[in-house]
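Colleague: File follows, structure_8.pdb with PDB, C-alpha atoms (C1' of nucleotides):
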```pdb
MODEL        1
ATOM      1  CA  MET A 151      90.924  90.386  92.777
ATOM      2  CA  SER A 152      90.991  93.796  94.397
ATOM      3  CA  GLU A 153      92.808  93.196  97.669
ATOM      4  CA  PHE A 154      93.342  96.880  98.185
ATOM      5  CA  GLY A 155      89.740  97.926  98.672
ATOM      6  CA  ALA A 156      88.885  95.111 101.064
ATOM      7  CA  TYR A 157      91.935  95.863 103.160
ATOM      8  CA  VAL A 158      91.117  99.558 103.430
ATOM      9  CA  ARG A 159      87.528  98.849 104.323
ATOM     10  CA  ASP A 160      88.495  96.435 107.044
ATOM     11  CA  ARG A 161      91.070  98.791 108.461
ATOM     12  CA  ARG A 162      88.706 101.761 108.398
ATOM     13  CA  GLU A 163      85.852  99.869 110.054
ATOM     14  CA  ARG A 164      88.113  98.739 112.836
ATOM     15  CA  LEU A 165      89.241 102.277 113.512
ATOM     16  CA  ARG A 166      85.667 103.420 113.312
ATOM     17  CA  LYS A 167      84.620 101.342 116.283
ATOM     18  CA  ALA A 168      86.759 103.562 118.455
ATOM     19  CA  ASP A 169      86.349 106.784 116.535
ATOM     20  CA  PRO A 170      83.359 107.996 114.480
ATOM     21  CA  ARG A 171      85.661 110.177 112.412
ATOM     22  CA  PHE A 172      86.356 107.061 110.364
ATOM     23  CA  SER A 173      83.078 106.976 108.483
ATOM     24  CA  VAL A 174      83.331 106.837 104.684
ATOM     25  CA  ARG A 175      82.105 110.403 104.469
ATOM     26  CA  GLN A 176      84.436 111.908 107.014
ATOM     27  CA  LEU A 177      87.516 110.015 105.915
ATOM     28  CA  ALA A 178      86.781 110.867 102.287
ATOM     29  CA  HIS A 179      86.495 114.488 103.297
ATOM     30  CA  ARG A 180      89.908 114.411 104.974
ATOM     31  CA  LEU A 181      91.427 112.753 101.916
ATOM     32  CA  GLY A 182      89.857 115.341  99.658
ATOM     33  CA  VAL A 183      87.684 112.977  97.625
ATOM     34  CA  GLU A 184      83.958 112.333  97.245
ATOM     35  CA  PRO A 185      82.449 109.773  99.622
ATOM     36  CA  SER A 186      80.931 107.835  96.740
ATOM     37  CA  TYR A 187      84.397 107.480  95.265
ATOM     38  CA  LEU A 188      85.952 106.131  98.454
ATOM     39  CA  SER A 189      83.018 103.765  98.778
ATOM     40  CA  LYS A 190      83.574 102.419  95.278
ATOM     41  CA  VAL A 191      87.286 102.048  95.905
ATOM     42  CA  GLU A 192      86.667 100.072  99.085
ATOM     43  CA  ARG A 193      84.289  97.746  97.297
ATOM     44  CA  GLY A 194      86.741  97.300  94.450
ATOM     45  CA  GLU A 195      84.283  98.754  91.988
ATOM     46  CA  THR A 196      86.916 101.229  90.905
ATOM     47  CA  ALA A 197      90.690 101.117  90.651
ATOM     48  CA  PRO A 198      92.738 102.343  93.639
ATOM     49  CA  PRO A 199      93.315 106.107  93.900
ATOM     50  CA  SER A 200      96.412 108.045  92.887
ATOM     51  CA  GLU A 201      99.687 107.725  94.723
ATOM     52  CA  ALA A 202      99.121 111.028  96.539
ATOM     53  CA  LYS A 203      95.751 109.902  97.921
ATOM     54  CA  ILE A 204      97.135 106.510  98.924
ATOM     55  CA  ILE A 205      99.859 108.199 100.936
ATOM     56  CA  LEU A 206      97.290 110.345 102.737
ATOM     57  CA  LEU A 207      95.274 107.208 103.335
ATOM     58  CA  ALA A 208      98.293 105.448 104.820
ATOM     59  CA  GLU A 209      98.722 108.324 107.258
ATOM     60  CA  GLU A 210      95.080 108.194 108.271
ATOM     61  CA  LEU A 211      95.100 104.439 108.721
ATOM     62  CA  GLU A 212      98.560 104.486 110.303
ATOM     63  CA  ASP A 213      99.878 102.046 107.749
ATOM     64  CA  ASP A 214     103.141 101.865 105.855
ATOM     65  CA  PRO A 215     102.694 103.810 102.601
ATOM     66  CA  ASP A 216     104.972 101.471 100.625
ATOM     67  CA  MET A 217     102.819  98.540 101.654
ATOM     68  CA  LEU A 218      99.566 100.270 100.782
ATOM     69  CA  LEU A 219     100.975 101.390  97.447
ATOM     70  CA  ALA A 220     102.110  97.827  96.766
ATOM     71  CA  MET A 221      98.595  96.562  97.408
ATOM     72  CA  ALA A 222      97.411  99.080  94.854
ATOM     73  CA  GLY A 223      99.907  97.681  92.352
ATOM     74  CA  LYS A 224     102.153 100.733  92.560
ATOM     75  CA  VAL A 225     105.676 101.620  93.618
ATOM     76  CA  SER A 226     106.351 104.941  95.304
ATOM     77  CA  SER A 227     107.570 107.511  92.808
ATOM     78  CA  ASP A 228     110.438 108.552  95.069
ATOM     79  CA  LEU A 229     111.792 104.976  95.009
ATOM     80  CA  GLN A 230     111.417 104.988  91.247
ATOM     81  CA  ALA A 231     113.389 108.216  91.097
ATOM     82  CA  VAL A 232     116.253 106.642  93.050
ATOM     83  CA  ILE A 233     116.348 103.742  90.589
ATOM     84  CA  ARG A 234     116.117 105.996  87.556
ATOM     85  CA  LYS A 235     119.182 107.921  88.641
ATOM     86  CA  ARG A 236     121.365 104.793  88.511
ATOM     87  CA  PRO A 237     119.290 102.264  86.582
ATOM     88  CA  GLU A 238     121.929  99.650  85.832
ATOM     89  CA  LEU A 239     123.284  99.665  89.369
ATOM     90  CA  PHE A 240     119.942  99.357  91.119
ATOM     91  CA  GLY A 241     118.580  97.053  88.459
ATOM     92  CA  THR A 242     121.400  94.611  89.079
ATOM     93  CA  LEU A 243     121.135  94.904  92.858
ATOM     94  CA  ILE A 244     117.388  94.364  93.025
ATOM     95  CA  ARG A 245     117.445  91.387  90.674
ATOM     96  CA  GLU A 246     120.265  89.936  92.702
ATOM     97  CA  LEU A 247     118.259  90.239  95.908
ATOM     98  CA  LYS A 248     114.968  89.186  94.363
ATOM     99  CA  ASP A 249     114.918  85.719  95.930
ATOM    100  CA  MET A 250     117.056  86.349  98.976
ATOM    101  CA  PRO A 251     115.449  85.441 102.273
ATOM    102  CA  GLU A 252     114.087  88.273 104.350
ATOM    103  CA  HIS A 253     116.718  88.002 107.079
ATOM    104  CA  ALA A 254     119.622  88.129 104.651
ATOM    105  CA  VAL A 255     118.393  91.354 103.091
ATOM    106  CA  LEU A 256     117.652  92.783 106.512
ATOM    107  CA  ARG A 257     121.155  92.024 107.637
ATOM    108  CA  LEU A 258     122.443  93.848 104.582
ATOM    109  CA  VAL A 259     120.305  96.864 105.407
ATOM    110  CA  ARG A 260     121.592  96.864 108.956
ATOM    111  CA  GLU A 261     125.203  96.581 107.890
ATOM    112  CA  VAL A 262     124.843  99.446 105.469
ATOM    113  CA  ARG A 263     123.155 101.594 108.092
ATOM    114  CA  ASP A 264     125.748 100.890 110.783
ATOM    115  CA  GLY A 265     128.674 101.096 108.424
ATOM    116  CA  THR A 266     129.783  97.702 109.738
ATOM    117  CA  TRP A 267     131.755  96.894 106.646
TER     118      TRP A 267
ATOM    119  CA  MET B1123     113.722 118.412  77.712
ATOM    120  CA  SER B1124     113.264 115.096  75.962
ATOM    121  CA  GLU B1125     116.629 113.400  76.329
ATOM    122  CA  PHE B1126     115.216 110.086  75.258
ATOM    123  CA  GLY B1127     114.396 110.936  71.668
ATOM    124  CA  ALA B1128     117.696 112.657  70.951
ATOM    125  CA  TYR B1129     119.608 109.730  72.382
ATOM    126  CA  VAL B1130     117.736 107.193  70.257
ATOM    127  CA  ARG B1131     118.181 109.252  67.135
ATOM    128  CA  ASP B1132     121.893 109.592  67.672
ATOM    129  CA  ARG B1133     122.299 105.928  68.401
ATOM    130  CA  ARG B1134     120.251 104.869  65.388
ATOM    131  CA  GLU B1135     122.070 107.166  62.978
ATOM    132  CA  ARG B1136     125.406 105.851  64.130
ATOM    133  CA  LEU B1137     124.320 102.282  63.506
ATOM    134  CA  ARG B1138     122.873 103.313  60.203
ATOM    135  CA  LYS B1139     126.231 104.348  58.839
ATOM    136  CA  ALA B1140     127.257 100.714  58.918
ATOM    137  CA  ASP B1141     123.866  99.157  58.250
ATOM    138  CA  PRO B1142     120.958 100.502  56.177
ATOM    139  CA  ARG B1143     118.550  98.398  58.204
ATOM    140  CA  PHE B1144     118.639 101.221  60.732
ATOM    141  CA  SER B1145     116.517 103.656  58.782
ATOM    142  CA  VAL B1146     113.508 105.072  60.616
ATOM    143  CA  ARG B1147     111.212 103.020  58.422
ATOM    144  CA  GLN B1148     112.947  99.689  58.811
ATOM    145  CA  LEU B1149     113.618 100.023  62.505
ATOM    146  CA  ALA B1150     110.031 101.109  63.096
ATOM    147  CA  HIS B1151     108.900  98.055  61.174
ATOM    148  CA  ARG B1152     110.983  95.742  63.366
ATOM    149  CA  LEU B1153     109.598  97.425  66.484
ATOM    150  CA  GLY B1154     106.069  97.064  65.201
ATOM    151  CA  VAL B1155     105.229 100.766  65.021
ATOM    152  CA  GLU B1156     104.539 103.287  62.304
ATOM    153  CA  PRO B1157     107.581 105.136  60.931
ATOM    154  CA  SER B1158     105.933 108.500  61.542
ATOM    155  CA  TYR B1159     105.540 107.561  65.179
ATOM    156  CA  LEU B1160     109.193 106.616  65.644
ATOM    157  CA  SER B1161     110.155 109.825  63.865
ATOM    158  CA  LYS B1162     108.060 111.880  66.285
ATOM    159  CA  VAL B1163     109.466 110.042  69.273
ATOM    160  CA  GLU B1164     113.031 110.694  68.137
ATOM    161  CA  ARG B1165     112.335 114.373  67.711
ATOM    162  CA  GLY B1166     110.662 114.536  71.123
ATOM    163  CA  GLU B1167     107.396 115.598  69.552
ATOM    164  CA  THR B1168     105.679 112.738  71.324
ATOM    165  CA  ALA B1169     106.239 111.007  74.640
ATOM    166  CA  PRO B1170     108.440 107.888  74.701
ATOM    167  CA  PRO B1171     106.805 104.560  73.724
ATOM    168  CA  SER B1172     105.532 101.862  76.058
ATOM    169  CA  GLU B1173     107.826  99.722  78.156
ATOM    170  CA  ALA B1174     107.500  96.801  75.728
ATOM    171  CA  LYS B1175     108.599  98.883  72.746
ATOM    172  CA  ILE B1176     111.469 100.421  74.702
ATOM    173  CA  ILE B1177     112.770  96.961  75.553
ATOM    174  CA  LEU B1178     112.659  95.952  71.883
ATOM    175  CA  LEU B1179     114.418  99.193  71.061
ATOM    176  CA  ALA B1180     117.145  98.460  73.601
ATOM    177  CA  GLU B1181     117.742  95.102  71.931
ATOM    178  CA  GLU B1182     117.965  96.698  68.510
ATOM    179  CA  LEU B1183     120.327  99.420  69.693
ATOM    180  CA  GLU B1184     122.264  97.021  71.911
ATOM    181  CA  ASP B1185     121.654  99.179  74.928
ATOM    182  CA  ASP B1186     120.796  98.348  78.508
ATOM    183  CA  PRO B1187     116.993  98.304  78.791
ATOM    184  CA  ASP B1188     117.002  99.646  82.353
ATOM    185  CA  MET B1189     118.985 102.641  81.188
ATOM    186  CA  LEU B1190     116.752 103.317  78.211
ATOM    187  CA  LEU B1191     113.648 102.949  80.372
ATOM    188  CA  ALA B1192     115.156 105.356  82.884
ATOM    189  CA  MET B1193     115.692 107.924  80.141
ATOM    190  CA  ALA B1194     112.031 107.535  79.298
ATOM    191  CA  GLY B1195     111.137 108.251  82.934
ATOM    192  CA  LYS B1196     110.168 104.648  83.609
ATOM    193  CA  VAL B1197     111.225 101.747  85.794
ATOM    194  CA  SER B1198     111.021  98.204  84.452
ATOM    195  CA  SER B1199     107.836  96.501  85.584
ATOM    196  CA  ASP B1200     109.703  93.384  86.649
ATOM    197  CA  LEU B1201     111.770  95.451  89.094
ATOM    198  CA  GLN B1202     108.564  97.005  90.340
ATOM    199  CA  ALA B1203     107.121  93.549  90.864
ATOM    200  CA  VAL B1204     110.094  92.563  93.024
ATOM    201  CA  ILE B1205     109.580  95.649  95.182
ATOM    202  CA  ARG B1206     105.819  95.138  95.412
ATOM    203  CA  LYS B1207     106.284  91.660  96.825
ATOM    204  CA  ARG B1208     108.207  92.976  99.833
ATOM    205  CA  PRO B1209     107.559  96.714  99.810
ATOM    206  CA  GLU B1210     108.777  97.622 103.280
ATOM    207  CA  LEU B1211     111.966  95.605 102.935
ATOM    208  CA  PHE B1212     112.961  96.934  99.541
ATOM    209  CA  GLY B1213     111.696 100.401 100.343
ATOM    210  CA  THR B1214     114.017 100.582 103.321
ATOM    211  CA  LEU B1215     116.942  99.115 101.414
ATOM    212  CA  ILE B1216     116.674 101.441  98.443
ATOM    213  CA  ARG B1217     116.273 104.550 100.572
ATOM    214  CA  GLU B1218     119.260 103.465 102.618
ATOM    215  CA  LEU B1219     121.404 103.113  99.482
ATOM    216  CA  LYS B1220     120.049 106.221  97.800
ATOM    217  CA  ASP B1221     123.128 108.350  98.420
ATOM    218  CA  MET B1222     125.745 105.641  98.691
ATOM    219  CA  PRO B1223     128.685 106.020  96.318
ATOM    220  CA  GLU B1224     128.703 103.795  93.277
ATOM    221  CA  HIS B1225     131.635 101.656  94.405
ATOM    222  CA  ALA B1226     130.080 100.906  97.784
ATOM    223  CA  VAL B1227     126.867  99.628  96.222
ATOM    224  CA  LEU B1228     128.819  97.681  93.645
ATOM    225  CA  ARG B1229     130.816  96.004  96.378
ATOM    226  CA  LEU B1230     127.566  95.041  98.038
ATOM    227  CA  VAL B1231     126.284  93.552  94.803
ATOM    228  CA  ARG B1232     129.478  91.572  94.373
ATOM    229  CA  GLU B1233     129.440  90.283  97.923
ATOM    230  CA  VAL B1234     125.847  89.155  97.592
ATOM    231  CA  ARG B1235     126.557  87.432  94.313
ATOM    232  CA  ASP B1236     129.654  85.633  95.548
ATOM    233  CA  GLY B1237     128.168  84.784  98.892
ATOM    234  CA  THR B1238     131.234  86.367 100.502
ATOM    235  CA  TRP B1239     129.390  87.106 103.709
TER     236      TRP B1239
ATOM    237  C1'  DC C 442     113.273 108.468  34.328
ATOM    238  C1'  DA C 443     110.560 105.681  37.003
ATOM    239  C1'  DA C 444     110.331 102.700  40.967
ATOM    240  C1'  DA C 445     111.705 102.294  45.523
ATOM    241  C1'  DC C 446     113.020 104.171  49.583
ATOM    242  C1'  DC C 447     113.433 108.074  52.778
ATOM    243  C1'  DG C 448     111.686 111.143  56.750
ATOM    244  C1'  DT C 449     107.862 113.836  58.314
ATOM    245  C1'  DG C 450     103.189 116.608  58.754
ATOM    246  C1'  DT C 451      98.303 116.175  59.861
ATOM    247  C1'  DA C 452      94.401 114.140  61.711
ATOM    248  C1'  DC C 453      92.364 110.936  64.322
ATOM    249  C1'  DT C 454      91.390 107.175  68.014
ATOM    250  C1'  DA C 455      90.894 103.607  71.683
ATOM    251  C1'  DT C 456      91.852 102.696  76.341
ATOM    252  C1'  DG C 457      93.122 103.894  80.977
ATOM    253  C1'  DT C 458      93.363 107.059  85.059
ATOM    254  C1'  DA C 459      91.402 109.612  88.515
ATOM    255  C1'  DG C 460      88.216 111.277  89.786
ATOM    256  C1'  DT C 461      83.225 114.757  90.403
ATOM    257  C1'  DA C 462      78.246 115.651  91.022
ATOM    258  C1'  DC C 463      73.987 114.470  92.359
ATOM    259  C1'  DA C 464      70.257 111.528  93.844
ATOM    260  C1'  DT C 465      68.534 107.945  96.659
ATOM    261  C1'  DA C 466      67.456 105.187 100.570
ATOM    262  C1'  DC C 467      68.518 103.829 105.188
ATOM    263  C1'  DT C 468      69.255 104.658 110.334
ATOM    264  C1'  DC C 469      69.885 106.868 114.508
ATOM    265  C1'  DT C 470      68.612 110.445 117.868
ATOM    266  C1'  DA C 471      66.784 114.704 120.152
TER     267       DA C 471
ATOM    268  C1'  DT D 890      58.792 112.850 113.587
ATOM    269  C1'  DA D 891      62.047 115.861 111.586
ATOM    270  C1'  DG D 892      66.782 116.392 110.819
ATOM    271  C1'  DA D 893      71.433 114.887 110.702
ATOM    272  C1'  DG D 894      74.431 111.487 109.416
ATOM    273  C1'  DT D 895      75.365 107.134 106.714
ATOM    274  C1'  DA D 896      76.515 104.405 102.468
ATOM    275  C1'  DT D 897      75.850 103.762  97.752
ATOM    276  C1'  DG D 898      73.981 103.883  92.627
ATOM    277  C1'  DT D 899      74.177 106.417  88.252
ATOM    278  C1'  DA D 900      76.012 109.378  84.992
ATOM    279  C1'  DC D 901      79.430 111.991  83.404
ATOM    280  C1'  DT D 902      84.236 114.184  82.527
ATOM    281  C1'  DA D 903      89.098 115.948  81.797
ATOM    282  C1'  DC D 904      93.450 114.437  80.813
ATOM    283  C1'  DA D 905      97.150 111.125  79.694
ATOM    284  C1'  DT D 906      98.928 107.155  77.134
ATOM    285  C1'  DA D 907     100.126 104.853  73.152
ATOM    286  C1'  DG D 908      99.702 104.717  69.363
ATOM    287  C1'  DT D 909      97.445 104.313  63.709
ATOM    288  C1'  DA D 910      96.468 105.870  58.921
ATOM    289  C1'  DC D 911      97.615 108.288  55.145
ATOM    290  C1'  DA D 912      99.466 111.774  52.362
ATOM    291  C1'  DC D 913     103.348 114.505  50.958
ATOM    292  C1'  DG D 914     107.691 115.886  48.921
ATOM    293  C1'  DG D 915     112.597 114.756  48.672
ATOM    294  C1'  DT D 916     116.509 111.494  47.269
ATOM    295  C1'  DT D 917     118.680 107.575  45.533
ATOM    296  C1'  DT D 918     119.346 103.738  42.302
ATOM    297  C1'  DG D 919     118.679 100.309  38.534
TER     298       DG D 919
ENDMDL
END
```
What is this file in structure tokens?
Modeller:
Amino acid sequence: MSEFGAYVRDRRERLRKADPRFSVRQLAHRLGVEPSYLSKVERGETAPPSEAKIILLAEELEDDPDMLLAMAGKVSSDLQAVIRKRPELFGTLIRELKDMPEHAVLRLVREVRDGTW
Amino acid sequence: MSEFGAYVRDRRERLRKADPRFSVRQLAHRLGVEPSYLSKVERGETAPPSEAKIILLAEELEDDPDMLLAMAGKVSSDLQAVIRKRPELFGTLIRELKDMPEHAVLRLVREVRDGTW
DNA sequence: CAAACCGTGTACTATGTAGTACATACTCTA
DNA sequence: TAGAGTATGTACTACATAGTACACGGTTTG
């Protein structure tokens, strides 16, 4: 079940309708990969690319990189680095928030950002 | 600079003073690996083991698995799964808390747990 | 003093990751 | 109707990961 490829293909084809620079060949060129490789990725014939390529892809498709990485079954290495620096702290926090509703977590984020507490 | 191996060796040798079951051979056996492999890992001659083995190791050494994984340059796959389910939400949260002092984050954890908010 | 246990050196391997290189066939368009 | 652009099929590869298998020489113990 390779969600990632299908999503990228759909996204690229949409953009292509307005801009011919979004052909497999030209996009692949901008990403620095072979067209045949991008083609295989989009059809799910091959695993998603590396984190670096996915981030470039997110920029091209104007998508959130964390979301695209998630679809590829990955977590951004900079987030991992934050966790690795204080593993018990962030481990506890994330497990605590695991099943919290979206709005509750969002409120937390907002409070932290605004220093409302 | 392989912190991981040195830490494990130190920990194991300490435990060994009180309990001969913590020889390289016997511990390796309980982990389900070859003694020579554990020996190499401890001396940093080889990269740290897989996540699964590190978690077993944490149990044996009575250490926090998140911490041991972090020393091995990894982040627990169950934490990754939590992030991957809501990547933008958790991405934002973690980056927001990245530089927060320990006590502030801890307070947050406590408040969430107690429902004090 | 031999059996059992100890750590380690050497050689090898299976699987996964992240792609490249080239050929082929189709479709516009000037 | 030739040439440019398009996607895709096939074959191959370099490097990392996560170990195994076995032999060796040293030390402890019954």
Colleague: Neighbours of DG892 (chain D) within 10 Å (all atoms listed in the file; same-chain residues fewer than 2 positions away dropped), as a PyMOL selection string?
Modeller: (chain C and resi 470-471) or (chain D and resi 890+894)
Colleague: Applying the PyMOL selection byres ((chain B) within 10 of (chain D)) to the file I just gave you, which residues come out? Please list them as a PyMOL selection string.
Modeller: chain B and resi 1155-1156+1158-1159+1168-1172
Colleague: Store the residues picked out above, limited to C-alpha atoms, as a compact mmCIF listing (two decimals), in the frame of the given file.
Modeller:
```
# COMPACT_ATOMS: atom_id res chain seq x y z
CA VAL B 1155 105.23 100.77 65.02
CA GLU B 1156 104.54 103.29 62.30
CA SER B 1158 105.93 108.50 61.54
CA TYR B 1159 105.54 107.56 65.18
CA THR B 1168 105.68 112.74 71.32
CA ALA B 1169 106.24 111.01 74.64
CA PRO B 1170 108.44 107.89 74.70
CA PRO B 1171 106.80 104.56 73.72
CA SER B 1172 105.53 101.86 76.06
```
Colleague: Applying the PyMOL selection byres ((chain B) within 9 of (chain C)) to the file I just gave you, which residues come out? Please list them as a PDB file with C-alpha atoms, keeping the file's coordinate frame.
Modeller:
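The resulting part.pdb:
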```pdb
ATOM      1  CA  SER B1145     116.517 103.656  58.782  1.00  0.00           C
ATOM      2  CA  VAL B1146     113.508 105.072  60.616  1.00  0.00           C
ATOM      3  CA  ARG B1147     111.212 103.020  58.422  1.00  0.00           C
ATOM      4  CA  PRO B1157     107.581 105.136  60.931  1.00  0.00           C
ATOM      5  CA  SER B1158     105.933 108.500  61.542  1.00  0.00           C
ATOM      6  CA  SER B1161     110.155 109.825  63.865  1.00  0.00           C
ATOM      7  CA  LYS B1162     108.060 111.880  66.285  1.00  0.00           C
TER       8      LYS B1162
END
```
Colleague: Starting from chain A, keep only residues with some atom at most 6 Å from an atom of chain B, counting all atoms listed in the file, and report them as a list in words.
Modeller: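 The complete set of qualifying residues is Asp216, Met217, Ala220, Arg234, Pro237, Leu243 and Val259 of chain A.
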Colleague: Just checking: using all atoms listed in the file, which residue out of A:Lys167, A:Gly155, A:Arg193, A:Pro251 ends up closest to Leu207 (chain A)?
Modeller: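 Of all the options, A:Gly155 lies closest to Leu207 (chain A).
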Colleague: Suppose you want the space between CA of Glu1182 (chain B) and CA of Val1163 (chain B); what is it in Å?
Modeller: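 These atoms are spaced 15.8 Å apart.
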Colleague: Taking all listed atoms of region 453-468 of chain C, build the axis-aligned box, pad each of the six sides by 8 Å, then write its centre and edge lengths in Å to one decimal as JSON.
Modeller:
```
{"center_x": 80.4, "center_y": 109.2, "center_z": 87.3, "size_x": 41.9, "size_y": 29.0, "size_z": 62.0}
```
